[in-house]
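Q: To start, I am sharing the structure in question, which I have written as structure tokens.
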Amino acid sequence: MQQLNANSLEAFWMPFTANRDFKQKPQIVTGASGMYYQMNNGHRVLDAIAGLWCVNAGHGHPKIVEAIQKQAAQLDFASSFGLGHPLAFEYASRLTSVAPEGLDHVFFTNSGSEATDTALKLALAYHYARGEGQRQRIIGRQRGYHGVGFGGLSAAGMGAHKKQFGMLLPGAAHMPHTHDLARNAFSRGQPSHGAEIADTLEQMLQTYDPSTVAAVIVEPVAGSTGVLVPPLGYLERLREICTRYGILLIFDEVVTGFGRLGRPFAADRFAITPDLIAIAKGMTNGAVPMGGVISSNEICQKLMETAPQGTVEFSHGYTYSGHPLASAAAIAALDVYVNEGLFEHATLIEPVWEEHAHALKAVPAVVDIRNIGLLAGIELGEEVASGKAMAKKVYDFCFERGVLVRPVANTIVLSPPLVISEAEIATVFSAIAAGLKTL
Ligand code: PLP
């Protein structure tokens with residue numbers, strides 16, 4: 001059992017954490033296996049959020065562990081700048097074979113933030129290559145989260161994340177979000193009302209002039225702001241408007257990719273093909289940092305054919321793009337997802353997940369429950385501030401009881417490993433129900 005003293009916690013400036021609070025009452029994970037975390041005080045915790053929406057096959061999957069170990073001994077690092085190693089090529093081919101049709105090229109990054117920045121830069125470069133370099137505006141959405149790089153943060157719709165950083169990208173604008181408690185509270189799967197919210201995009205295009213807009217970026221299901229499921233018909237309309245005005249549609253599938261909705265991508269679940277898909281997290285089952293952008297053939301070909309032979313077609317890349325260890329982990333993770341039927345398992349167990357989630361409807365503090373795939377959001381309180389305090393209380397209660405959930409403002413968010421069983425689903429929701437009772 002590893003114990004840490006308060007002094008040894010000082011140097012690590014933790015991300016998105018109230019550092020001073022944490023260091024007074026640290027929660028230290030020392031191991032993980034399958035659905036469970038092991039804490040340094042011996043406490044065992046059922047991980048109902050897949051690490052941070054990423055450990056889709058459960059923790060420490062032996063095939064992924066073995067692949068990383070083997071690769072570390074074989075080839076630790078090789079740059080992908082003008083040099084190549086087999087696994088990055090192999091993984092790109094494998095990945096595109098499960099990606100939506102017409103998206104056959106992958107650009108590797110190391111995180112979701114880098115993936116969304118890369119997707120936005122690809123959109124600008126594509127329009128430039130077409131002789132439409134004036135298309136520089138990016139349109140995101142309120143309550144969108146696209147990581148923390150300057151591009152993704154600018155496109156995101158979370159004011160609290162921006163206030164320390166000034167203006168960010170001047171060309172970013174935001175559509176309204178789709179969350180509508182009055183019409184859609186307690187929807188199961190896609191809500192019925194709100195397809196017309198997509199029409200605000202068209203109104204914005206009249207304001208800005210469509211020929212200045214490069215791309216629209218959305219999470220198909222917004223994760224980090226509380227699991228906001230797109231209304232029926234909404235994504236279809238966004239696709240149609242983007243196509244009509246020559247604007248690229250980017251799906252940020254950092255959360256929804258790799259089986260979260262029971263299919264490889266949300267694009268498959270909703271039967272809508274975007275031009276670019278940003279990915280990360282489940283790509284390597286969270287075991288090695290990796291992200292990427294899956295690109296349409298049209299975008300890739302345009303950049304290839306307009307650059308003179310012998311020149312770099314896209315002036316972008318990271319030292320660790322296509323890192324050997326990440327590539328090995330990603331190939332192994334994809335094998336596990338496909339060969340062990342995890343997408344199918346997620347689909348089969350989704351109705352059980354939905355039933356358990358919606359069984360909390362009668363609790364007075366609960367103002368909404370929403371779910372799709374193996375995602376759920378339980379929104380608390382009429383006021384965001386009091387709901388936030390309640391969500392944190394439920395989090396603390398569940399943690400003590402051995403279940404890890406995630407409080408996001410006034411919503412308890414859940415995204416378990418796809419391997420979750422019916423019994424584990426019951427454990428998760430009974431802990432939450434008991435936690436809600438204490439409010
Ligand atoms: N995009 C979405 C939808 C995310 O949920 C996240 C992270 O939660 C990111 C991008 C950023 O990914 P990362 O933290 O790996 O940079």
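Labels used: A, B, ... for chains in the order of the structure tokens, numbers from 1 for residues in each chain, and numbers from 1 for ligands as shown.
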Enumerate as an mmCIF file with N, CA and C atoms, in the first residue's frame the residues within 8 Å of ligand 1, counting only C-alpha atoms and all ligand atoms.

A:
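Output file out-v6.cif is given in full below:
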```cif
data_model
loop_
_atom_site.group_PDB
_atom_site.id
_atom_site.type_symbol
_atom_site.label_atom_id
_atom_site.label_comp_id
_atom_site.auth_asym_id
_atom_site.auth_seq_id
_atom_site.Cartn_x
_atom_site.Cartn_y
_atom_site.Cartn_z
ATOM 1 N N LEU A 52 -11.618 8.417 -17.871
ATOM 2 C CA LEU A 52 -12.154 9.728 -18.243
ATOM 3 C C LEU A 52 -12.707 9.548 -19.663
ATOM 4 N N TRP A 53 -13.720 8.747 -19.773
ATOM 5 C CA TRP A 53 -14.369 8.366 -21.028
ATOM 6 C C TRP A 53 -13.416 7.617 -21.956
ATOM 7 N N ASN A 110 -1.565 13.391 -30.316
ATOM 8 C CA ASN A 110 -1.355 12.703 -29.026
ATOM 9 C C ASN A 110 -2.489 12.884 -28.041
ATOM 10 N N SER A 111 -3.498 13.642 -28.420
ATOM 11 C CA SER A 111 -4.581 13.933 -27.479
ATOM 12 C C SER A 111 -5.792 14.407 -28.255
ATOM 13 N N GLY A 112 -6.904 14.540 -27.534
ATOM 14 C CA GLY A 112 -8.108 15.058 -28.162
ATOM 15 C C GLY A 112 -7.983 16.531 -28.496
ATOM 16 N N SER A 113 -7.300 17.280 -27.638
ATOM 17 C CA SER A 113 -7.121 18.716 -27.912
ATOM 18 C C SER A 113 -6.336 18.914 -29.197
ATOM 19 N N GLU A 114 -5.295 18.127 -29.352
ATOM 20 C CA GLU A 114 -4.506 18.232 -30.585
ATOM 21 C C GLU A 114 -5.322 17.742 -31.781
ATOM 22 N N ALA A 115 -6.201 16.792 -31.551
ATOM 23 C CA ALA A 115 -7.031 16.285 -32.649
ATOM 24 C C ALA A 115 -7.984 17.373 -33.152
ATOM 25 N N THR A 116 -8.621 18.092 -32.234
ATOM 26 C CA THR A 116 -9.570 19.121 -32.699
ATOM 27 C C THR A 116 -8.821 20.290 -33.337
ATOM 28 N N GLY A 144 -20.321 23.203 -26.032
ATOM 29 C CA GLY A 144 -19.409 22.254 -26.683
ATOM 30 C C GLY A 144 -18.087 22.233 -25.936
ATOM 31 N N TYR A 145 -17.415 21.084 -25.943
ATOM 32 C CA TYR A 145 -16.060 20.998 -25.387
ATOM 33 C C TYR A 145 -15.166 20.344 -26.427
ATOM 34 N N HIS A 146 -14.085 21.020 -26.770
ATOM 35 C CA HIS A 146 -13.174 20.468 -27.771
ATOM 36 C C HIS A 146 -11.734 20.525 -27.290
ATOM 37 N N GLY A 147 -11.536 20.361 -25.986
ATOM 38 C CA GLY A 147 -10.185 20.364 -25.461
ATOM 39 C C GLY A 147 -9.703 21.768 -25.163
ATOM 40 N N VAL A 148 -8.392 21.902 -25.007
ATOM 41 C CA VAL A 148 -7.852 23.124 -24.419
ATOM 42 C C VAL A 148 -6.842 23.857 -25.292
ATOM 43 N N GLY A 149 -6.629 23.394 -26.528
ATOM 44 C CA GLY A 149 -5.759 24.145 -27.434
ATOM 45 C C GLY A 149 -6.465 25.430 -27.858
ATOM 46 N N GLY A 152 -9.440 24.549 -30.442
ATOM 47 C CA GLY A 152 -10.555 23.816 -29.834
ATOM 48 C C GLY A 152 -11.247 24.624 -28.754
ATOM 49 N N GLU A 219 -19.670 18.058 -31.119
ATOM 50 C CA GLU A 219 -19.655 16.691 -30.602
ATOM 51 C C GLU A 219 -21.030 16.119 -30.973
ATOM 52 N N ALA A 222 -22.787 15.793 -26.876
ATOM 53 C CA ALA A 222 -21.872 16.583 -26.039
ATOM 54 C C ALA A 222 -21.657 15.831 -24.729
ATOM 55 N N GLY A 223 -20.412 15.535 -24.414
ATOM 56 C CA GLY A 223 -20.131 14.743 -23.223
ATOM 57 C C GLY A 223 -19.850 15.585 -22.001
ATOM 58 N N SER A 224 -18.794 16.391 -22.078
ATOM 59 C CA SER A 224 -18.268 17.079 -20.894
ATOM 60 C C SER A 224 -19.213 18.109 -20.300
ATOM 61 N N ASP A 252 -16.497 15.923 -33.470
ATOM 62 C CA ASP A 252 -15.528 15.658 -32.413
ATOM 63 C C ASP A 252 -16.007 14.401 -31.692
ATOM 64 N N GLU A 253 -15.382 13.284 -32.047
ATOM 65 C CA GLU A 253 -15.791 11.977 -31.488
ATOM 66 C C GLU A 253 -14.783 11.484 -30.453
ATOM 67 N N VAL A 254 -14.144 12.434 -29.777
ATOM 68 C CA VAL A 254 -13.168 12.041 -28.755
ATOM 69 C C VAL A 254 -13.853 11.192 -27.671
ATOM 70 N N VAL A 255 -15.094 11.509 -27.346
ATOM 71 C CA VAL A 255 -15.859 10.704 -26.386
ATOM 72 C C VAL A 255 -16.672 9.614 -27.084
ATOM 73 N N THR A 256 -17.322 9.971 -28.192
ATOM 74 C CA THR A 256 -18.294 9.038 -28.785
ATOM 75 C C THR A 256 -17.656 7.950 -29.638
ATOM 76 N N ALA A 278 -12.590 13.893 -35.307
ATOM 77 C CA ALA A 278 -11.509 13.987 -34.309
ATOM 78 C C ALA A 278 -11.686 12.861 -33.301
ATOM 79 N N ILE A 279 -10.582 12.162 -33.011
ATOM 80 C CA ILE A 279 -10.644 11.010 -32.104
ATOM 81 C C ILE A 279 -9.503 11.059 -31.085
ATOM 82 N N ALA A 280 -9.638 10.299 -30.015
ATOM 83 C CA ALA A 280 -8.565 10.137 -29.003
ATOM 84 C C ALA A 280 -9.066 9.083 -28.013
ATOM 85 N N LYS A 281 -8.827 9.277 -26.754
ATOM 86 C CA LYS A 281 -9.352 8.468 -25.641
ATOM 87 C C LYS A 281 -9.414 6.961 -25.929
ATOM 88 N N PRO A 289 -1.124 7.783 -24.538
ATOM 89 C CA PRO A 289 -1.777 8.945 -25.159
ATOM 90 C C PRO A 289 -1.746 8.862 -26.680
ATOM 91 N N MET A 290 -2.891 9.086 -27.290
ATOM 92 C CA MET A 290 -2.962 9.126 -28.752
ATOM 93 C C MET A 290 -4.258 9.811 -29.176
ATOM 94 N N GLY A 291 -4.186 10.560 -30.241
ATOM 95 C CA GLY A 291 -5.378 11.146 -30.841
ATOM 96 C C GLY A 291 -5.209 11.123 -32.346
#
```

Q: So that I can check the surroundings of segment 62-72 of chain A, please list as a list in words every protein, DNA and RNA residue that reaches within 6 Å of it, counting only C-alpha atoms and ignoring chain neighbours fewer than 5 positions away.

A: Leu325, Ala328, Ala329 and Ala332 of chain A

Q: May I have the residues from that selection written out with C-alpha atoms, as a JSON list (two decimals), in the first residue's frame?

A:
```json
[["chain", "number", "residue", "atom", "x", "y", "z"],
["A", 325, "LEU", "CA", 3.89, 2.51, -28.38],
["A", 328, "ALA", "CA", 0.85, -0.81, -30.80],
["A", 329, "ALA", "CA", -1.70, -0.03, -28.09],
["A", 332, "ALA", "CA", -4.37, -4.09, -29.80]]
```

Q: Considering only C-alpha atoms, return as a list in words whatever protein or nucleic-acid residues lie within 9 Å of Tyr395 of chain A, sequence-local ones (same chain, fewer than 6 positions apart) excluded.

A: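 Near Tyr395 of chain A, the qualifying residues are Val403, Leu404, Val405, Arg406, Pro407, Ile412, Ile432 and Gly435 of chain A.
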
Q: So that I can check the surroundings of segment 77-85 of chain A, please list as a list in words every protein, DNA and RNA residue that reaches within 10 Å of it, counting only C-alpha atoms and ignoring chain neighbours fewer than 3 positions away.

A: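 That gives Gln71, Ala72, Gln74, Ala88, Phe89, Glu90, Phe108, Val312, Gly317, Tyr318, Thr319, Tyr320, Ser321, Gly322, His323, Pro324, Leu325 and Ser327 of chain A.
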
Q: Which residues are near Ala434 of chain A? Cut-off 10 Å, only C-alpha atoms, ignore same chain within fewer than 6 positions. Put them as a PyMOL selection string.

A: chain A and resi 394+397-398+401

Q: Which residues, written as a list of chain:residue names, have at least one atom at most 7 Å from segment 225-231 of chain A, with only C-alpha atoms counted and residues fewer than 4 positions away on the same chain left out?

A: A:Arg143, A:Thr178, A:His179, A:Gln190, A:Pro191, A:Ser192, A:His193, A:Gly194, A:Ala195, A:Pro220, A:Val221, A:Leu235, A:Ala376, A:Gly377, A:Val408, A:Thr411, A:Val413

Q: Save out the residues we just selected, C-alpha atoms, as a short mmCIF file (atom, residue, chain, number, x, y, z; two decimals), in the first residue's frame.

A:
```cif
data_model
loop_
_atom_site.label_atom_id
_atom_site.label_comp_id
_atom_site.auth_asym_id
_atom_site.auth_seq_id
_atom_site.Cartn_x
_atom_site.Cartn_y
_atom_site.Cartn_z
CA ARG A 143 -21.86 23.85 -24.27
CA THR A 178 -29.75 21.68 -28.03
CA HIS A 179 -30.51 21.11 -24.34
CA GLN A 190 -32.59 10.97 -28.94
CA PRO A 191 -35.08 13.63 -27.81
CA SER A 192 -38.02 14.35 -30.08
CA HIS A 193 -37.86 18.14 -30.12
CA GLY A 194 -35.22 20.48 -31.46
CA ALA A 195 -34.28 19.56 -35.04
CA PRO A 220 -22.42 14.39 -31.94
CA VAL A 221 -23.33 13.86 -28.27
CA LEU A 235 -27.53 16.39 -37.07
CA ALA A 376 -25.99 8.84 -19.11
CA GLY A 377 -26.49 12.22 -17.48
CA VAL A 408 -20.15 17.96 -14.12
CA THR A 411 -25.16 16.74 -13.63
CA VAL A 413 -22.25 11.89 -15.76
#
```

Q: If you run DSSP on the backbone here, which positions in segment 101-303 of chain A get strand (DSSP E)? Please write them as a ChimeraX atom specification.

A: /A:105-109,137-141,172-175,213-218,248-252,276-279,291-295

Q: Include N, CA and C atoms and write out the residues we just selected as a compact mmCIF listing (two decimals), in the first residue's frame.

A:
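Below you can see out00.txt, which holds the result:
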```
# COMPACT_ATOMS: atom_id res chain seq x y z
N HIS A 105 -8.23 8.35 -44.56
CA HIS A 105 -6.89 8.85 -44.21
C HIS A 105 -6.88 9.31 -42.76
N VAL A 106 -5.75 9.06 -42.09
CA VAL A 106 -5.67 9.42 -40.66
C VAL A 106 -4.43 10.26 -40.41
N PHE A 107 -4.60 11.34 -39.68
CA PHE A 107 -3.47 12.16 -39.22
C PHE A 107 -3.37 11.95 -37.72
N PHE A 108 -2.20 11.54 -37.22
CA PHE A 108 -2.09 11.22 -35.79
C PHE A 108 -1.65 12.39 -34.93
N THR A 109 -2.25 12.46 -33.75
CA THR A 109 -1.89 13.44 -32.73
C THR A 109 -1.69 12.67 -31.41
N ARG A 137 -13.62 31.41 -40.79
CA ARG A 137 -14.45 31.32 -39.59
C ARG A 137 -14.70 29.88 -39.20
N ILE A 138 -14.77 29.68 -37.89
CA ILE A 138 -15.06 28.37 -37.33
C ILE A 138 -16.35 28.53 -36.53
N ILE A 139 -17.28 27.63 -36.73
CA ILE A 139 -18.51 27.70 -35.93
C ILE A 139 -18.60 26.48 -35.02
N GLY A 140 -18.67 26.75 -33.73
CA GLY A 140 -18.86 25.70 -32.72
C GLY A 140 -20.25 25.83 -32.14
N ARG A 141 -20.41 25.36 -30.92
CA ARG A 141 -21.75 25.36 -30.32
C ARG A 141 -21.63 25.65 -28.83
N ALA A 172 -14.17 32.76 -34.34
CA ALA A 172 -15.02 31.68 -33.83
C ALA A 172 -16.40 32.22 -33.45
N ALA A 173 -17.43 31.48 -33.85
CA ALA A 173 -18.81 31.86 -33.49
C ALA A 173 -19.51 30.60 -32.99
N HIS A 174 -20.65 30.79 -32.35
CA HIS A 174 -21.29 29.64 -31.68
C HIS A 174 -22.77 29.54 -31.93
N MET A 175 -23.19 28.34 -32.30
CA MET A 175 -24.62 28.05 -32.45
C MET A 175 -25.19 27.78 -31.05
N VAL A 213 -16.93 31.05 -44.00
CA VAL A 213 -16.95 30.00 -42.97
C VAL A 213 -16.24 28.74 -43.47
N ALA A 214 -15.28 28.28 -42.67
CA ALA A 214 -14.51 27.09 -43.06
C ALA A 214 -15.18 25.82 -42.57
N ALA A 215 -15.60 25.81 -41.31
CA ALA A 215 -16.07 24.55 -40.73
C ALA A 215 -17.02 24.77 -39.57
N VAL A 216 -17.86 23.76 -39.39
CA VAL A 216 -18.71 23.65 -38.19
C VAL A 216 -18.20 22.46 -37.41
N ILE A 217 -17.96 22.66 -36.12
CA ILE A 217 -17.49 21.54 -35.29
C ILE A 217 -18.47 21.29 -34.15
N VAL A 218 -18.89 20.04 -34.02
CA VAL A 218 -19.78 19.65 -32.91
C VAL A 218 -19.39 18.27 -32.38
N LEU A 248 -17.20 22.59 -44.18
CA LEU A 248 -16.87 21.26 -43.69
C LEU A 248 -17.56 21.00 -42.35
N LEU A 249 -18.01 19.77 -42.18
CA LEU A 249 -18.61 19.37 -40.90
C LEU A 249 -17.61 18.48 -40.17
N ILE A 250 -17.22 18.93 -38.98
CA ILE A 250 -16.29 18.15 -38.16
C ILE A 250 -17.06 17.54 -36.99
N PHE A 251 -16.97 16.24 -36.84
CA PHE A 251 -17.50 15.58 -35.64
C PHE A 251 -16.34 15.39 -34.66
N ASP A 252 -16.50 15.92 -33.47
CA ASP A 252 -15.53 15.66 -32.41
C ASP A 252 -16.01 14.40 -31.69
N LEU A 276 -14.63 15.37 -41.38
CA LEU A 276 -13.48 15.07 -40.54
C LEU A 276 -13.99 14.54 -39.20
N ILE A 277 -13.28 13.55 -38.65
CA ILE A 277 -13.65 13.04 -37.32
C ILE A 277 -12.43 13.16 -36.41
N ALA A 278 -12.59 13.89 -35.31
CA ALA A 278 -11.51 13.99 -34.31
C ALA A 278 -11.69 12.86 -33.30
N ILE A 279 -10.58 12.16 -33.01
CA ILE A 279 -10.64 11.01 -32.10
C ILE A 279 -9.50 11.06 -31.08
N GLY A 291 -4.19 10.56 -30.24
CA GLY A 291 -5.38 11.15 -30.84
C GLY A 291 -5.21 11.12 -32.35
N GLY A 292 -6.18 11.66 -33.04
CA GLY A 292 -6.03 11.69 -34.49
C GLY A 292 -7.22 12.33 -35.17
N VAL A 293 -7.08 12.52 -36.47
CA VAL A 293 -8.19 13.03 -37.28
C VAL A 293 -8.36 12.09 -38.46
N ILE A 294 -9.57 11.59 -38.64
CA ILE A 294 -9.87 10.78 -39.82
C ILE A 294 -10.45 11.74 -40.86
N SER A 295 -9.85 11.72 -42.02
CA SER A 295 -10.20 12.73 -43.04
C SER A 295 -10.89 12.11 -44.24
```

Q: Which of these, A:Ala185, A:Cys54, A:Leu103, A:Met390, has the shortest distance to Val367 of chain A once you count only C-alpha atoms?

A: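 Result for the nearest residue to Val367 of chain A: A:Ala185.
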
Q: Show which residues sit within 10 Å of Ala57 of chain A, as a PyMOL selection string. Count only C-alpha atoms, and ignore same-chain residues fewer than 5 positions away.

A: chain A and resi 34-35+50+64+258-259+282+284-286+333-334+336-337+340+342+416-420

Q: Can you write just those residues out, C-alpha atoms, as a PDB file, in the first residue's frame?

A:
```
ATOM      1  CA  GLY A  34     -11.091  -4.585 -15.386  1.00  0.00           C
ATOM      2  CA  MET A  35     -13.908  -2.464 -13.973  1.00  0.00           C
ATOM      3  CA  ALA A  50     -14.055   4.500 -17.871  1.00  0.00           C
ATOM      4  CA  ILE A  64      -3.121  -4.293 -24.772  1.00  0.00           C
ATOM      5  CA  PHE A 258     -14.729   3.496 -30.267  1.00  0.00           C
ATOM      6  CA  GLY A 259     -18.008   2.012 -29.196  1.00  0.00           C
ATOM      7  CA  GLY A 282     -10.749   5.007 -26.549  1.00  0.00           C
ATOM      8  CA  THR A 284      -5.698   3.124 -27.205  1.00  0.00           C
ATOM      9  CA  ASN A 285      -8.153   2.228 -24.430  1.00  0.00           C
ATOM     10  CA  GLY A 286      -6.497   5.118 -22.580  1.00  0.00           C
ATOM     11  CA  ALA A 333      -7.316  -2.022 -28.546  1.00  0.00           C
ATOM     12  CA  LEU A 334      -9.076  -2.178 -31.903  1.00  0.00           C
ATOM     13  CA  VAL A 336     -10.040  -6.260 -28.545  1.00  0.00           C
ATOM     14  CA  TYR A 337     -13.033  -4.086 -29.446  1.00  0.00           C
ATOM     15  CA  GLU A 340     -14.294  -9.536 -28.215  1.00  0.00           C
ATOM     16  CA  LEU A 342     -17.503  -4.940 -27.306  1.00  0.00           C
ATOM     17  CA  PRO A 416     -18.560   3.030 -17.959  1.00  0.00           C
ATOM     18  CA  PRO A 417     -16.228   0.619 -19.711  1.00  0.00           C
ATOM     19  CA  LEU A 418     -18.202  -1.122 -22.447  1.00  0.00           C
ATOM     20  CA  VAL A 419     -17.606  -4.466 -20.731  1.00  0.00           C
ATOM     21  CA  ILE A 420     -19.896  -3.540 -17.837  1.00  0.00           C
TER      22      ILE A 420
END
```

Q: List as JSON lines every residue of segment 250-336 of chain A that is in contact with segment 121-135 of chain A, defined as an atom at most 8 Å from one of its atoms (using only C-alpha atoms), together with the nearest atom pair and the distance in Å rounded to one decimal, sorted by chain and then rising number.

A:
```
{"residue": "A:Ile299", "atom": "CA", "partner": "A:Tyr126", "partner_atom": "CA", "distance": 6.0}
{"residue": "A:Lys302", "atom": "CA", "partner": "A:Ala129", "partner_atom": "CA", "distance": 6.7}
{"residue": "A:Leu303", "atom": "CA", "partner": "A:Ala129", "partner_atom": "CA", "distance": 6.2}
{"residue": "A:Thr306", "atom": "CA", "partner": "A:Ala129", "partner_atom": "CA", "distance": 6.2}
{"residue": "A:Phe314", "atom": "CA", "partner": "A:Ala125", "partner_atom": "CA", "distance": 7.3}
```

Q: Under the rule that only C-alpha atoms are counted, which of A:Thr200, A:Thr96, A:Gln309, A:Gln164 is the nearest residue to His177 of chain A?

A: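 Among A:Thr200, A:Thr96, A:Gln309, A:Gln164, it is A:Thr200 that comes nearest to His177 of chain A.
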
Q: Of the candidates A:Tyr245, A:Pro176, A:Gly189, A:Val55, which one gets nearest to Gln206 of chain A if we count only C-alpha atoms?

A: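 Closest residue, counting only C-alpha atoms: A:Tyr245.
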